[in-house]
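Below is one structure, written out as structure tokens, with a few remarks after it.
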Amino acid sequence: LFAYPVLMAADILIYDSDVVPVGTDQKQHVEVTRDIAIKINEIYGEGLLKLPEPRIRESMAKVPGLDGQKMSKSYGHTLDIFGPEKAQRKKVMRIKTDSAEVDEPKDPEASLIYQLYQLFANEADQETMAQDFRQGGVGYGDFKKRLWEAYWEYFAPMRARREELLQNRDHVDQVLTNGAAKARELATTVLGRVRQAMGL
């Protein structure tokens, strides 16, 4: 159990990370990393290791899964960016809702459909859906369709780019090779600096 936070901290610190993009529940990992770096700096010299800061986008701080809990592949309630269209549409249309009638006003903020819709739709469309929730007259089936369309359209450029890359594996391999070389060079520099400070 002790080894995991140390290894995690090493993965961050070895690349002189200034900022680490995380969700709310990963913020503590960065805090542990900072604590380890502070202790090492106190012993071996201030500034030896950078102190990374967590970066949390409030709109993405906690993405709900299709059952309302935190989205996680291990829970099996995710929407796959590159998953088959039919299968992903079924997932959206199966989102559980309450028993409110079509004509009843509904609270958008309490709806998982609206929470997910906010991740993909522009502000105008979000406001329209929120108004339709509050006014009543629109059923959950319609809201699910809007969510599906916004989600599928949002990731369309990513799916297209993925298809392009799949047709050019040599390019992908070269990008990975170049990236690994740059990462190795940076890690070697940091590791050398730490070893020298520690007298190793």
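Chain identifiers are assigned as A, B, and so on, following the order in which chains appear in the structure tokens; residues are numbered from 1 within each chain, and ligands are numbered from 1 in order of appearance.
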Restrict the calculation to only C-alpha atoms, then for each residue of region 97-194 of chain A with any atom at most 12 Å from an atom of region 79-90 of chain A give the closest atom pair and their distance in Å to one decimal, rows by chain and rising residue number, as a tab-separated table.
residue	atom	partner	partner_atom	distance
A:Leu116	CA	A:Leu79	CA	10.4
A:Gly141	CA	A:Lys90	CA	11.9
A:Lys144	CA	A:Arg89	CA	9.3
A:Lys145	CA	A:Arg89	CA	8.7
A:Arg146	CA	A:Arg89	CA	11.1
A:Leu147	CA	A:Arg89	CA	9.7
A:Trp148	CA	A:Arg89	CA	6.4
A:Glu149	CA	A:Arg89	CA	9.0
A:Ala150	CA	A:Arg89	CA	11.4
A:Tyr151	CA	A:Ile81	CA	8.8
A:Trp152	CA	A:Glu85	CA	8.1
A:Glu153	CA	A:Ile81	CA	10.7
A:Tyr154	CA	A:Ile81	CA	9.6
A:Phe155	CA	A:Ile81	CA	6.6
A:Ala156	CA	A:Ile81	CA	9.0
A:Pro157	CA	A:Ile81	CA	10.8
A:Met158	CA	A:Ile81	CA	8.2
A:Arg159	CA	A:Phe82	CA	6.2
A:Ala160	CA	A:Phe82	CA	9.8
A:Arg161	CA	A:Phe82	CA	10.9
A:Arg162	CA	A:Phe82	CA	8.5
A:Glu163	CA	A:Phe82	CA	9.9
Discussion item. Need the shell around region 105-111 of chain A: protein/DNA/RNA residues with any atom at most 10 Å away, counting only C-alpha atoms. Skip same-chain ones fewer than 2 positions apart. Format as a list in words?
Written reply: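 Returned residues: Gly68, Lys96, Thr97, Asp98, Ala100, Glu101, Val102, Asp103, Ile113, Tyr114, Gln115, Leu116, Tyr117, Gln126, Glu127, Met129, Ala130, Gln131, Asp132, Phe133, Arg134, Gln135, Gly136, Gly137, Val138, Gly139 and Tyr140 of chain A.
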Take the selection from the previous step and output its residues with N, CA, C and O atoms, as a compact mmCIF listing (two decimals), in the first residue's frame.
# COMPACT_ATOMS: atom_id res chain seq x y z
N GLY A 68 -25.59 7.46 -12.48
CA GLY A 68 -25.54 8.59 -11.56
C GLY A 68 -24.33 8.59 -10.66
O GLY A 68 -24.02 9.61 -10.05
N LYS A 96 -31.95 5.49 -16.49
CA LYS A 96 -33.14 5.44 -15.64
C LYS A 96 -33.60 6.84 -15.26
O LYS A 96 -32.77 7.72 -14.99
N THR A 97 -34.91 7.03 -15.25
CA THR A 97 -35.49 8.31 -14.87
C THR A 97 -36.59 8.08 -13.84
O THR A 97 -36.94 6.94 -13.54
N ASP A 98 -37.12 9.18 -13.30
CA ASP A 98 -38.22 9.02 -12.35
C ASP A 98 -39.53 8.82 -13.10
O ASP A 98 -39.55 8.71 -14.33
N ALA A 100 -42.07 10.89 -13.44
CA ALA A 100 -42.79 12.12 -13.78
C ALA A 100 -43.45 12.01 -15.15
O ALA A 100 -42.86 11.49 -16.09
N GLU A 101 -44.67 12.50 -15.25
CA GLU A 101 -45.41 12.49 -16.50
C GLU A 101 -44.82 13.54 -17.46
O GLU A 101 -44.15 14.48 -17.05
N VAL A 102 -45.14 13.38 -18.75
CA VAL A 102 -44.63 14.29 -19.78
C VAL A 102 -44.98 15.74 -19.47
O VAL A 102 -44.15 16.64 -19.59
N ASP A 103 -46.22 15.99 -19.05
CA ASP A 103 -46.66 17.36 -18.83
C ASP A 103 -46.13 17.98 -17.53
O ASP A 103 -46.24 19.19 -17.35
N ILE A 113 -29.74 13.04 -17.10
CA ILE A 113 -29.73 13.38 -18.52
C ILE A 113 -29.19 14.78 -18.73
O ILE A 113 -28.31 15.01 -19.57
N TYR A 114 -29.67 15.73 -17.94
CA TYR A 114 -29.23 17.12 -18.10
C TYR A 114 -27.77 17.28 -17.66
O TYR A 114 -27.01 18.03 -18.28
N GLN A 115 -27.38 16.60 -16.60
CA GLN A 115 -25.99 16.68 -16.14
C GLN A 115 -25.02 16.24 -17.24
O GLN A 115 -23.98 16.87 -17.47
N LEU A 116 -25.36 15.16 -17.92
CA LEU A 116 -24.52 14.67 -19.01
C LEU A 116 -24.60 15.60 -20.23
O LEU A 116 -23.60 15.86 -20.90
N TYR A 117 -25.80 16.10 -20.50
CA TYR A 117 -26.00 16.99 -21.65
C TYR A 117 -25.13 18.23 -21.53
O TYR A 117 -24.61 18.73 -22.54
N GLN A 126 -28.22 24.05 -23.86
CA GLN A 126 -28.38 23.70 -22.45
C GLN A 126 -29.54 24.47 -21.83
O GLN A 126 -30.36 23.91 -21.10
N GLU A 127 -29.59 25.76 -22.12
CA GLU A 127 -30.65 26.60 -21.57
C GLU A 127 -32.01 26.18 -22.09
O GLU A 127 -33.00 26.16 -21.34
N MET A 129 -32.90 23.15 -23.04
CA MET A 129 -33.30 21.92 -22.37
C MET A 129 -33.75 22.21 -20.94
O MET A 129 -34.76 21.66 -20.47
N ALA A 130 -33.02 23.08 -20.24
CA ALA A 130 -33.39 23.41 -18.87
C ALA A 130 -34.79 24.01 -18.81
O ALA A 130 -35.60 23.67 -17.93
N GLN A 131 -35.10 24.90 -19.75
CA GLN A 131 -36.43 25.51 -19.79
C GLN A 131 -37.50 24.46 -20.08
O GLN A 131 -38.58 24.48 -19.47
N ASP A 132 -37.20 23.54 -20.99
CA ASP A 132 -38.17 22.49 -21.32
C ASP A 132 -38.42 21.58 -20.12
O ASP A 132 -39.54 21.09 -19.92
N PHE A 133 -37.39 21.35 -19.34
CA PHE A 133 -37.56 20.57 -18.11
C PHE A 133 -38.53 21.28 -17.18
O PHE A 133 -39.49 20.68 -16.68
N ARG A 134 -38.28 22.56 -16.96
CA ARG A 134 -39.06 23.32 -15.97
C ARG A 134 -40.49 23.57 -16.41
O ARG A 134 -41.41 23.61 -15.58
N GLN A 135 -40.70 23.74 -17.72
CA GLN A 135 -42.04 24.06 -18.21
C GLN A 135 -42.93 22.84 -18.32
O GLN A 135 -44.15 22.95 -18.26
N GLY A 136 -42.33 21.67 -18.51
CA GLY A 136 -43.14 20.48 -18.73
C GLY A 136 -43.57 20.40 -20.18
O GLY A 136 -43.37 21.33 -20.98
N GLY A 137 -44.13 19.27 -20.54
CA GLY A 137 -44.58 19.09 -21.91
C GLY A 137 -43.60 18.31 -22.77
O GLY A 137 -43.89 18.01 -23.93
N VAL A 138 -42.44 17.99 -22.22
CA VAL A 138 -41.44 17.21 -22.94
C VAL A 138 -41.08 16.00 -22.09
O VAL A 138 -40.82 16.13 -20.89
N GLY A 139 -41.08 14.83 -22.71
CA GLY A 139 -40.80 13.60 -21.97
C GLY A 139 -39.32 13.26 -21.92
O GLY A 139 -38.50 13.81 -22.66
N TYR A 140 -39.00 12.33 -21.05
CA TYR A 140 -37.61 11.92 -20.89
C TYR A 140 -37.05 11.28 -22.17
O TYR A 140 -35.86 11.39 -22.45
Worksheet item: Between A:Leu13, A:Val22, A:Ile36, A:Val194, which is the closest to Leu48 (chain A) once you count only C-alpha atoms?
Response: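 Smallest distance to Leu48 (chain A) is found for A:Val194.
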Discussion item. Taking the DSSP secondary structure from the backbone, can you list the residues of region 3-163 of chain A that are strand (DSSP E), as a list in words?
Written reply: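 Answer for region 3-163 of chain A restricted to strand (DSSP E) is Val19, Val20, Pro21, Glu53, Pro54 and Arg55 of chain A.
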Discussion item. I need the residue nearest Lys27 (chain A) from this list: A:Pro54, A:Gly192, A:Gly47, A:Pro5. Use only C-alpha atoms for the distance.
Written reply: A:Pro54
Item to complete: Show which residues sit within 7 Å of Leu51 (chain A), as a VMD selection string. Count only C-alpha atoms, and ignore same-chain residues fewer than 4 positions away.
Response: chain A and resid 18 34 37
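Rounded to one decimal, CA of Leu66 (chain A) and CA of Val92 (chain A) lie 7.6 Å from each other.
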Discussion item. Please return, as a PyMOL selection string, all residues of region 98-187 of chain A that DSSP assigns to helix (DSSP H, G or I) on the basis of the backbone.
Written reply: chain A and resi 108-110+112-120+123-135+140-154+156-166+169-187
Discussion item. List the spatial neighbours of Gln28 (chain A) as a PyMOL selection string - criterion: any atom at most 12 Å away, only C-alpha atoms, same-chain residues fewer than 3 positions off excluded.
Written reply: chain A and resi 5+8-9+20+22-25+31-35+53-56
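Between CA of Asp142 (chain A) and CA of Met93 (chain A) there is a distance of 9.6 Å.
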